[in-house]
$ cat my_file-v5.txt   # compact mmCIF, C-alpha atoms (C1' of nucleotides)
# COMPACT_ATOMS: atom_id res chain seq x y z
CA MET P 1342 113.98 108.25 94.05
CA GLU P 1343 116.49 107.93 96.84
CA ASN P 1344 114.73 111.07 97.98
CA ILE P 1345 111.86 109.08 99.47
CA LYS P 1346 114.13 107.66 102.11
CA LYS P 1347 115.88 110.96 102.64
CA ILE P 1348 112.53 112.54 103.38
CA TYR P 1349 111.69 109.78 105.82
CA ASN P 1350 114.95 110.31 107.68
CA CYS P 1351 114.42 114.04 107.67
CA LEU P 1352 110.91 113.83 109.09
CA LEU P 1353 111.97 111.30 111.69
CA SER P 1354 114.81 113.43 112.97
CA GLU P 1355 112.60 116.49 112.87
CA TYR P 1356 109.56 115.13 114.71
CA GLY P 1357 110.80 111.91 116.33
CA PRO P 1358 108.96 108.57 116.54
CA GLN P 1359 105.21 109.11 116.47
CA GLY P 1360 103.96 106.06 118.30
CA TRP P 1361 100.99 105.26 116.09
CA TRP P 1362 98.35 103.77 116.25
CA PRO P 1363 96.87 105.51 119.32
CA LEU P 1364 95.10 103.18 121.80
CA LEU P 1365 92.56 104.19 124.42
CA ASP P 1366 94.00 102.11 127.24
CA PHE P 1367 97.57 103.20 126.71
CA ARG P 1368 98.44 106.17 128.91
CA GLY P 1369 101.64 107.25 127.22
CA ARG P 1370 101.92 110.51 125.35
CA ASN P 1371 104.08 111.83 122.60
CA PRO P 1372 105.43 115.15 123.82
CA THR P 1373 106.49 116.15 120.32
CA LYS P 1374 103.01 115.88 118.91
CA THR P 1375 100.74 118.75 118.16
CA GLY P 1376 97.67 118.64 120.34
CA SER P 1377 97.42 116.53 123.44
CA ILE P 1378 95.65 113.37 122.40
CA LYS P 1379 96.78 110.42 124.43
CA GLY P 1380 97.33 106.84 123.43
CA TYR P 1381 100.53 107.14 121.42
CA HIS P 1382 103.43 104.82 122.19
CA PRO P 1383 106.63 106.10 120.52
CA ARG P 1384 109.41 103.54 119.97
CA ASP P 1385 107.12 100.70 121.00
CA TYR P 1386 106.04 98.64 118.00
CA SER P 1387 104.61 95.77 120.03
CA PHE P 1388 101.01 96.90 119.63
CA PRO P 1389 98.35 95.60 119.32
CA LYS P 1390 99.05 93.47 122.37
CA ASN P 1391 95.78 91.61 122.25
CA ASP P 1392 92.67 91.05 120.19
CA ARG P 1393 90.79 93.85 121.93
CA GLN P 1394 93.40 96.39 120.85
CA ARG P 1395 93.47 94.93 117.37
CA PHE P 1396 89.75 95.41 116.95
CA GLU P 1397 89.97 98.91 118.39
CA ILE P 1398 92.47 99.85 115.70
CA CYS P 1399 90.11 98.52 113.03
CA CYS P 1400 87.23 100.55 114.44
CA GLY P 1401 89.41 103.64 114.58
CA ALA P 1402 90.48 103.16 110.98
CA ILE P 1403 86.85 103.15 109.89
CA LEU P 1404 85.76 105.97 112.18
CA THR P 1405 88.59 108.27 111.12
CA GLN P 1406 87.50 108.29 107.49
CA SER P 1407 87.52 111.98 106.54
CA VAL P 1408 87.41 113.07 110.17
CA ALA P 1409 89.90 114.40 112.72
CA TRP P 1410 91.26 111.91 115.22
CA SER P 1411 90.14 114.04 118.17
CA SER P 1412 86.57 113.33 117.09
CA VAL P 1413 87.26 109.63 116.64
CA GLU P 1414 88.69 109.42 120.14
CA LYS P 1415 85.39 110.67 121.56
CA ALA P 1416 83.45 108.12 119.59
CA LEU P 1417 85.77 105.35 120.77
CA MET P 1418 85.43 106.43 124.38
CA ASN P 1419 81.65 106.30 124.01
CA LEU P 1420 81.93 102.81 122.60
CA LYS P 1421 84.19 101.80 125.43
CA LYS P 1422 81.67 103.10 127.95
CA ILE P 1423 79.03 100.74 126.61
CA LYS P 1424 81.57 97.93 126.20
CA ALA P 1425 81.17 97.88 122.46
CA ILE P 1426 84.78 97.82 121.27
CA GLU P 1427 84.50 94.16 120.54
CA ALA P 1428 83.30 92.40 117.43
CA THR P 1429 80.63 90.32 119.11
CA ALA P 1430 79.29 93.39 120.91
CA ILE P 1431 79.12 95.49 117.73
CA ASN P 1432 77.51 92.56 116.02
CA LYS P 1433 74.70 92.42 118.54
CA ILE P 1434 74.24 96.05 119.52
CA ASN P 1435 71.13 97.97 118.54
CA ILE P 1436 72.00 100.05 115.50
CA GLU P 1437 70.48 103.24 116.87
CA LYS P 1438 72.49 102.84 120.05
CA LEU P 1439 75.60 102.39 117.95
CA LYS P 1440 74.83 105.51 115.94
CA SER P 1441 74.46 107.69 119.00
CA ALA P 1442 77.73 106.39 120.45
CA ILE P 1443 79.77 107.21 117.38
CA LYS P 1444 78.00 110.48 116.58
CA PRO P 1445 81.04 112.66 117.40
CA ALA P 1446 82.96 111.05 114.53
CA GLY P 1447 80.42 112.19 111.95
CA TYR P 1448 78.72 110.27 109.13
CA PHE P 1449 77.16 108.17 111.88
CA ASN P 1450 74.54 106.52 109.69
CA GLN P 1451 77.13 105.18 107.28
CA LYS P 1452 79.77 104.46 109.88
CA ALA P 1453 77.40 102.51 112.09
CA LYS P 1454 76.62 100.30 109.12
CA LYS P 1455 80.34 100.04 108.31
CA LEU P 1456 81.16 98.93 111.85
CA LYS P 1457 78.38 96.35 111.74
CA GLU P 1458 79.64 94.98 108.42
CA PHE P 1459 83.20 94.92 109.65
CA ALA P 1460 82.34 93.19 112.94
CA LYS P 1461 80.64 90.41 111.04
CA PHE P 1462 83.70 90.07 108.84
CA TYR P 1463 86.10 90.21 111.78
CA ILE P 1464 84.31 87.36 113.53
CA SER P 1465 84.45 85.28 110.37
CA LEU P 1466 88.25 85.60 110.35
CA LYS P 1467 88.50 83.58 113.56
CA GLY P 1468 91.75 85.27 114.47
CA LYS P 1469 93.42 84.94 111.09
CA THR P 1470 95.05 87.84 109.28
CA PRO P 1471 92.81 89.01 106.42
CA THR P 1472 94.11 89.52 102.90
CA ARG P 1473 93.82 92.94 101.31
CA GLU P 1474 91.23 91.58 98.88
CA GLN P 1475 89.13 90.23 101.72
CA LEU P 1476 89.21 93.59 103.46
CA LEU P 1477 88.30 95.44 100.29
CA SER P 1478 85.28 93.21 99.84
CA VAL P 1479 83.80 94.53 103.08
CA TRP P 1480 81.32 97.36 102.55
CA GLY P 1481 82.83 100.57 103.93
CA VAL P 1482 86.45 99.45 103.71
CA GLY P 1483 88.31 101.17 100.89
CA ARG P 1484 91.97 101.04 100.03
CA GLU P 1485 93.31 103.39 102.67
CA THR P 1486 91.24 101.84 105.44
CA ALA P 1487 92.22 98.33 104.37
CA ASP P 1488 95.88 99.25 104.32
CA SER P 1489 95.68 101.03 107.67
CA ILE P 1490 94.13 97.92 109.20
CA LEU P 1491 96.77 95.67 107.68
CA LEU P 1492 99.66 97.91 108.68
CA TYR P 1493 98.64 98.89 112.20
CA ALA P 1494 96.35 96.10 113.37
CA TYR P 1495 98.24 93.22 111.72
CA LYS P 1496 101.75 94.60 111.16
CA VAL P 1497 101.65 93.71 107.47
CA PRO P 1498 104.18 95.87 105.58
CA ILE P 1499 101.81 97.80 103.32
CA PHE P 1500 102.26 101.53 102.87
CA VAL P 1501 99.23 103.66 103.69
CA VAL P 1502 98.48 106.46 101.23
CA ASP P 1503 96.21 109.20 102.49
CA ALA P 1504 95.15 112.62 101.28
CA TYR P 1505 98.14 114.18 103.00
CA THR P 1506 100.56 111.83 101.27
CA LYS P 1507 99.11 112.81 97.93
CA ARG P 1508 99.16 116.49 98.78
CA ILE P 1509 102.73 116.62 100.09
CA PHE P 1510 104.43 114.45 97.52
CA SER P 1511 102.55 115.79 94.54
CA LYS P 1512 103.53 119.30 95.60
CA LEU P 1513 107.13 118.10 95.86
CA GLY P 1514 106.90 116.78 92.32
CA PHE P 1515 106.90 113.02 92.83
CA PHE P 1516 103.62 112.48 90.99
CA LYS P 1517 100.52 114.36 90.01
CA GLU P 1518 97.73 114.95 92.49
CA SER P 1519 95.44 112.67 90.52
CA ALA P 1520 97.84 109.73 90.57
CA ASP P 1521 96.39 106.30 91.30
CA TYR P 1522 96.39 105.11 94.90
CA ASP P 1523 98.18 101.83 94.28
CA GLU P 1524 100.82 103.40 92.03
CA ILE P 1525 101.67 105.81 94.82
CA ARG P 1526 101.72 103.01 97.38
CA GLU P 1527 104.09 100.98 95.23
CA LEU P 1528 106.39 103.95 94.74
CA PHE P 1529 106.88 104.18 98.49
CA GLU P 1530 107.16 100.43 98.99
CA LYS P 1531 109.72 100.17 96.23
CA ASN P 1532 111.93 102.84 97.77
CA LEU P 1533 111.85 101.74 101.38
CA PRO P 1534 112.91 98.62 103.28
CA LYS P 1535 109.96 96.23 103.56
CA ASP P 1536 109.55 96.94 107.26
CA PHE P 1537 106.19 97.52 108.94
CA LYS P 1538 107.83 99.74 111.54
CA ILE P 1539 109.15 102.10 108.91
CA TYR P 1540 105.81 102.15 107.09
CA GLN P 1541 103.94 102.86 110.30
CA GLU P 1542 106.34 105.60 111.28
CA PHE P 1543 106.46 107.23 107.86
CA HIS P 1544 102.71 107.42 107.49
CA ALA P 1545 102.37 108.96 110.95
CA LEU P 1546 105.18 111.41 110.20
CA ILE P 1547 103.50 112.43 106.96
CA VAL P 1548 100.32 113.28 108.83
CA GLU P 1549 102.26 115.27 111.40
CA HIS P 1550 104.20 117.14 108.73
CA ALA P 1551 101.04 117.85 106.78
CA LYS P 1552 99.34 119.34 109.81
CA ARG P 1553 102.24 121.73 110.18
CA HIS P 1554 102.95 122.64 106.56
CA TYR P 1555 100.28 121.27 104.23
CA THR P 1556 96.89 122.38 105.45
CA LYS P 1557 94.84 123.63 102.54
CA LYS P 1558 95.81 127.19 103.43
CA LEU P 1559 99.54 126.68 103.81
CA CYS P 1560 99.82 124.22 100.96
CA GLY P 1561 103.53 123.69 101.48
CA ILE P 1562 104.85 127.24 101.47
CA ASN P 1563 107.88 127.13 103.77
CA CYS P 1564 108.01 123.35 103.65
CA PRO P 1565 111.60 122.49 104.62
CA LEU P 1566 111.53 119.37 102.45
CA LYS P 1567 111.68 121.45 99.28
CA LYS P 1568 115.39 121.95 99.86
CA ILE P 1569 116.01 118.23 100.04
CA VAL P 1570 114.10 117.38 96.89
CA LYS P 1571 115.42 120.33 94.92
C1' DA Z 485 80.59 131.84 109.55
C1' DA Z 486 82.54 129.27 106.05
C1' DC Z 487 85.85 125.79 105.77
C1' DC Z 488 88.00 121.43 106.51
C1' DA Z 489 89.30 117.03 108.84
C1' DG Z 490 94.17 110.57 108.86
C1' DG Z 491 87.43 108.35 102.81
C1' DA Z 492 84.07 105.38 100.69
C1' DC Z 493 80.24 104.68 97.89
C1' DG Z 494 76.67 105.55 94.35
C1' DT Z 495 75.62 107.60 90.15
C1' DG Z 496 75.81 109.16 85.37
C1' DA Z 497 78.55 110.00 81.47
C1' DT B 460 87.36 104.56 84.08
C1' DC B 461 86.32 109.24 85.87
C1' DA B 462 84.34 113.21 87.89
C1' DC B 463 81.14 114.63 91.08
C1' DG B 464 77.59 114.62 94.87
C1' DT B 465 76.57 112.73 99.41
C1' DC B 466 77.34 111.61 104.03
C1' DA B 467 77.58 114.78 109.43
C1' DT B 468 79.93 116.32 113.59
C1' DG B 469 83.24 119.41 115.69
C1' DG B 470 87.11 122.58 115.79
C1' DT B 471 89.19 127.00 113.89
$ encode --input "my_file-v5.txt" --output "structure tokens"
Amino acid sequence: MENIKKIYNCLLSEYGPQGWWPLLDFRGRNPTKTGSIKGYHPRDYSFPKNDRQRFEICCGAILTQSVAWSSVEKALMNLKKIKAIEATAINKINIEKLKSAIKPAGYFNQKAKKLKEFAKFYISLKGKTPTREQLLSVWGVGRETADSILLYAYKVPIFVVDAYTKRIFSKLGFFKESADYDEIRELFEKNLPKDFKIYQEFHALIVEHAKRHYTKKLCGINCPLKKIVK
DNA sequence: AACCAGGACGTGA
DNA sequence: TCACGTCATGGT
């Protein structure tokens, strides 16, 4: 399974550092990225720089569930406008007001409740890093969201497995599409240095590669990685 | 004009 | 455990 690392190196040299997780108040851009969403910070792994950014990442991780980031960005900008990207603010805000702010990100009834639940949890942490189990106990936080929060908001070296990861690597023959989330996660963690920077970068690269070669239509035809895996 | 996007939860078998 | 329905807006 040395191939896992080969693929990482290949994607990195192909697309370059991705600069995830995007932040609203960071003006930098990634010129190699598809689309023109701002907030990426390639080669800079010092984020989040403060608690505000940390909470923003958590909100984004919840809001992006099954939704394109461009939609999440709108929702986050709405929240910023009403000064609600802060746990205490989300905790207090009128739920209907919260729903209308995050409407662009879809599933607003559920996601408003999820943000409320998470804000309460976040406050209870009092600045400490949550465990994965603690995160999973929060209503609305599943495995991918928990791992995204740990990896990008807290720099904990946990590999994030998303639908794209399953699609790409099952097509390449690493496991079957129905494989268990944690088994897939451990496969990646076992074959990579335990480094949050690499995990962050790889996950972002997988999303970028999927958008170019693994949409449901393309489904990997012409995927250059096939030659590497063989 | 269907189809899908950086999932999670509830339900019934 | 597992397969399936539901949630909802916005871009292609």
$ interface_residues --input "my_file-v5.txt" --of "chain Z" --to "chain P" --cutoff "10 Å" --atoms "all atoms listed in the file" --output "list in words"
DC487, DC488, DA489, DG490, DG491, DA492 and DC493 of chain Z
$ interface_residues --input "my_file-v5.txt" --of "chain B" --to "chain P" --cutoff "10 Å" --atoms "only C-alpha atoms (C1' of nucleotides)" --output "PyMOL selection string"
chain B and resi 466-470
$ atom_distance --input "my_file-v5.txt" --atom1 "CA of Tyr1495 (chain P)" --atom2 "CA of Pro1471 (chain P)"
8.7 Å
$ residues_around --input "my_file-v5.txt" --residues "Leu1365 (chain P)" --least-positions-apart "6" --cutoff "8 Å" --atoms "only C-alpha atoms (C1' of nucleotides)" --output "list in words"
Lys1379, Gly1380, Glu1414, Leu1417 and Met1418 of chain P
$ atom_distance --input "my_file-v5.txt" --atom1 "CA of Ala1520 (chain P)" --atom2 "CA of Pro1363 (chain P)"
29.1 Å
$ atom_distance --input "my_file-v5.txt" --atom1 "CA of Ile1464 (chain P)" --atom2 "CA of Arg1393 (chain P)"
12.4 Å
$ closest_residue --input "my_file-v5.txt" --among "P:Ala1430, P:Leu1466, P:Ile1345, P:Leu1477" --to "Thr1506 (chain P)" --atoms "all atoms listed in the file"
P:Ile1345
$ residues_around --input "my_file-v5.txt" --residues "Thr1429 (chain P)" --least-positions-apart "2" --cutoff "12 Å" --atoms "only C-alpha atoms (C1' of nucleotides)" --output "number ranges by chain"
P: 1393, 1396, 1424-1427, 1431-1434, 1456-1465, 1467
$ axis_aligned_box --input "my_file-v5.txt" --around "chain B" --padding-each-side "8 Å" --output "AutoDock Vina command-line options"
--center_x 82.9 --center_y 115.8 --center_z 99.9 --size_x 28.6 --size_y 38.4 --size_z 47.7
$ residues_near_point --input "my_file-v5.txt" --point "(93.0, 112.2, 92.5)" --cutoff "12 Å" --atoms "only C-alpha atoms (C1' of nucleotides)" --output "list in words"
Val1502, Asp1503, Ala1504, Tyr1505, Thr1506, Lys1507, Arg1508, Ser1511, Phe1516, Lys1517, Glu1518, Ser1519, Ala1520, Asp1521, Tyr1522, Asp1523, Glu1524 and Ile1525 of chain P; DC461 and DA462 of chain B
$ residues_around --input "my_file-v5.txt" --residues "DG464 (chain B)" --least-positions-apart "6" --cutoff "12 Å" --atoms "only C-alpha atoms (C1' of nucleotides)" --output "compact mmCIF listing (two decimals) with C-alpha atoms (C1' of nucleotides), in the coordinates of the input"
# COMPACT_ATOMS: atom_id res chain seq x y z
C1' DC Z 493 80.24 104.68 97.89
C1' DG Z 494 76.67 105.55 94.35
C1' DT Z 495 75.62 107.60 90.15
C1' DG Z 496 75.81 109.16 85.37
$ residues_near_point --input "my_file-v5.txt" --point "(103.7, 97.7, 120.4)" --cutoff "12 Å" --atoms "only C-alpha atoms (C1' of nucleotides)" --output "number ranges by chain"
P: 1360-1364, 1367, 1369, 1380-1391, 1394-1395, 1493-1496, 1537-1538, 1541
$ build_atoms --input "my_file-v5.txt" --residues "region 1477-1488 of chain P" --atoms "all heavy atoms" --output "PDB file, in the coordinates of the input"
ATOM      1  N   LEU P1477      88.936  94.556 101.266  1.00  0.00           N
ATOM      2  CA  LEU P1477      88.300  95.440 100.290  1.00  0.00           C
ATOM      3  C   LEU P1477      86.900  94.976  99.910  1.00  0.00           C
ATOM      4  O   LEU P1477      86.101  95.758  99.392  1.00  0.00           O
ATOM      5  CB  LEU P1477      89.177  95.547  99.030  1.00  0.00           C
ATOM      6  CG  LEU P1477      90.494  96.308  99.217  1.00  0.00           C
ATOM      7  CD1 LEU P1477      91.349  96.228  97.974  1.00  0.00           C
ATOM      8  CD2 LEU P1477      90.211  97.766  99.583  1.00  0.00           C
ATOM      9  N   SER P1478      86.611  93.726 100.169  1.00  0.00           N
ATOM     10  CA  SER P1478      85.280  93.210  99.840  1.00  0.00           C
ATOM     11  C   SER P1478      84.249  93.603 100.899  1.00  0.00           C
ATOM     12  O   SER P1478      83.048  93.436 100.691  1.00  0.00           O
ATOM     13  CB  SER P1478      85.320  91.686  99.711  1.00  0.00           C
ATOM     14  OG  SER P1478      85.454  91.092 100.987  1.00  0.00           O
ATOM     15  N   VAL P1479      84.726  94.116 102.020  1.00  0.00           N
ATOM     16  CA  VAL P1479      83.800  94.530 103.080  1.00  0.00           C
ATOM     17  C   VAL P1479      83.253  95.912 102.756  1.00  0.00           C
ATOM     18  O   VAL P1479      84.023  96.823 102.446  1.00  0.00           O
ATOM     19  CB  VAL P1479      84.515  94.563 104.446  1.00  0.00           C
ATOM     20  CG1 VAL P1479      83.558  95.016 105.541  1.00  0.00           C
ATOM     21  CG2 VAL P1479      85.112  93.214 104.766  1.00  0.00           C
ATOM     22  N   TRP P1480      81.920  96.060 102.850  1.00  0.00           N
ATOM     23  CA  TRP P1480      81.320  97.360 102.550  1.00  0.00           C
ATOM     24  C   TRP P1480      81.801  98.398 103.558  1.00  0.00           C
ATOM     25  O   TRP P1480      81.684  98.185 104.776  1.00  0.00           O
ATOM     26  CB  TRP P1480      79.794  97.287 102.586  1.00  0.00           C
ATOM     27  CG  TRP P1480      79.154  98.543 102.085  1.00  0.00           C
ATOM     28  CD1 TRP P1480      78.855  98.857 100.794  1.00  0.00           C
ATOM     29  CD2 TRP P1480      78.768  99.684 102.877  1.00  0.00           C
ATOM     30  NE1 TRP P1480      78.303 100.127 100.733  1.00  0.00           N
ATOM     31  CE2 TRP P1480      78.240 100.645 101.985  1.00  0.00           C
ATOM     32  CE3 TRP P1480      78.833  99.981 104.244  1.00  0.00           C
ATOM     33  CZ2 TRP P1480      77.754 101.887 102.427  1.00  0.00           C
ATOM     34  CZ3 TRP P1480      78.361 101.224 104.683  1.00  0.00           C
ATOM     35  CH2 TRP P1480      77.829 102.158 103.780  1.00  0.00           C
ATOM     36  N   GLY P1481      82.354  99.514 103.047  1.00  0.00           N
ATOM     37  CA  GLY P1481      82.830 100.570 103.930  1.00  0.00           C
ATOM     38  C   GLY P1481      84.330 100.564 104.124  1.00  0.00           C
ATOM     39  O   GLY P1481      84.882 101.480 104.718  1.00  0.00           O
ATOM     40  N   VAL P1482      84.985  99.521 103.621  1.00  0.00           N
ATOM     41  CA  VAL P1482      86.450  99.450 103.710  1.00  0.00           C
ATOM     42  C   VAL P1482      87.040  99.684 102.329  1.00  0.00           C
ATOM     43  O   VAL P1482      86.946  98.832 101.445  1.00  0.00           O
ATOM     44  CB  VAL P1482      86.915  98.091 104.250  1.00  0.00           C
ATOM     45  CG1 VAL P1482      88.440  98.017 104.267  1.00  0.00           C
ATOM     46  CG2 VAL P1482      86.355  97.858 105.648  1.00  0.00           C
ATOM     47  N   GLY P1483      87.642 100.848 102.150  1.00  0.00           N
ATOM     48  CA  GLY P1483      88.310 101.170 100.890  1.00  0.00           C
ATOM     49  C   GLY P1483      89.794 100.902 101.020  1.00  0.00           C
ATOM     50  O   GLY P1483      90.241 100.284 101.992  1.00  0.00           O
ATOM     51  N   ARG P1484      90.553 101.373 100.058  1.00  0.00           N
ATOM     52  CA  ARG P1484      91.970 101.040 100.030  1.00  0.00           C
ATOM     53  C   ARG P1484      92.759 101.576 101.220  1.00  0.00           C
ATOM     54  O   ARG P1484      93.545 100.857 101.834  1.00  0.00           O
ATOM     55  CB  ARG P1484      92.594 101.502  98.706  1.00  0.00           C
ATOM     56  CG  ARG P1484      92.101 100.679  97.534  1.00  0.00           C
ATOM     57  CD  ARG P1484      92.741 101.073  96.235  1.00  0.00           C
ATOM     58  NE  ARG P1484      92.224 102.355  95.740  1.00  0.00           N
ATOM     59  CZ  ARG P1484      92.490 102.831  94.528  1.00  0.00           C
ATOM     60  NH1 ARG P1484      93.286 102.153  93.708  1.00  0.00           N
ATOM     61  NH2 ARG P1484      91.989 103.980  94.132  1.00  0.00           N
ATOM     62  N   GLU P1485      92.535 102.843 101.550  1.00  0.00           N
ATOM     63  CA  GLU P1485      93.310 103.390 102.670  1.00  0.00           C
ATOM     64  C   GLU P1485      92.949 102.711 103.985  1.00  0.00           C
ATOM     65  O   GLU P1485      93.826 102.394 104.797  1.00  0.00           O
ATOM     66  CB  GLU P1485      93.102 104.899 102.791  1.00  0.00           C
ATOM     67  CG  GLU P1485      93.949 105.468 103.909  1.00  0.00           C
ATOM     68  CD  GLU P1485      93.690 106.934 104.192  1.00  0.00           C
ATOM     69  OE1 GLU P1485      93.164 107.638 103.311  1.00  0.00           O
ATOM     70  OE2 GLU P1485      94.010 107.376 105.304  1.00  0.00           O
ATOM     71  N   THR P1486      91.671 102.487 104.194  1.00  0.00           N
ATOM     72  CA  THR P1486      91.240 101.840 105.440  1.00  0.00           C
ATOM     73  C   THR P1486      91.764 100.415 105.506  1.00  0.00           C
ATOM     74  O   THR P1486      92.260  99.970 106.553  1.00  0.00           O
ATOM     75  CB  THR P1486      89.701 101.841 105.524  1.00  0.00           C
ATOM     76  OG1 THR P1486      89.220 103.183 105.409  1.00  0.00           O
ATOM     77  CG2 THR P1486      89.228 101.243 106.846  1.00  0.00           C
ATOM     78  N   ALA P1487      91.705  99.700 104.403  1.00  0.00           N
ATOM     79  CA  ALA P1487      92.220  98.330 104.370  1.00  0.00           C
ATOM     80  C   ALA P1487      93.709  98.318 104.701  1.00  0.00           C
ATOM     81  O   ALA P1487      94.174  97.509 105.515  1.00  0.00           O
ATOM     82  CB  ALA P1487      91.987  97.717 102.986  1.00  0.00           C
ATOM     83  N   ASP P1488      94.446  99.215 104.099  1.00  0.00           N
ATOM     84  CA  ASP P1488      95.880  99.250 104.320  1.00  0.00           C
ATOM     85  C   ASP P1488      96.230  99.691 105.742  1.00  0.00           C
ATOM     86  O   ASP P1488      97.189  99.195 106.335  1.00  0.00           O
ATOM     87  CB  ASP P1488      96.555 100.170 103.289  1.00  0.00           C
ATOM     88  CG  ASP P1488      96.444  99.599 101.880  1.00  0.00           C
ATOM     89  OD1 ASP P1488      96.165  98.391 101.755  1.00  0.00           O
ATOM     90  OD2 ASP P1488      96.629 100.359 100.911  1.00  0.00           O
TER      91      ASP P1488
END
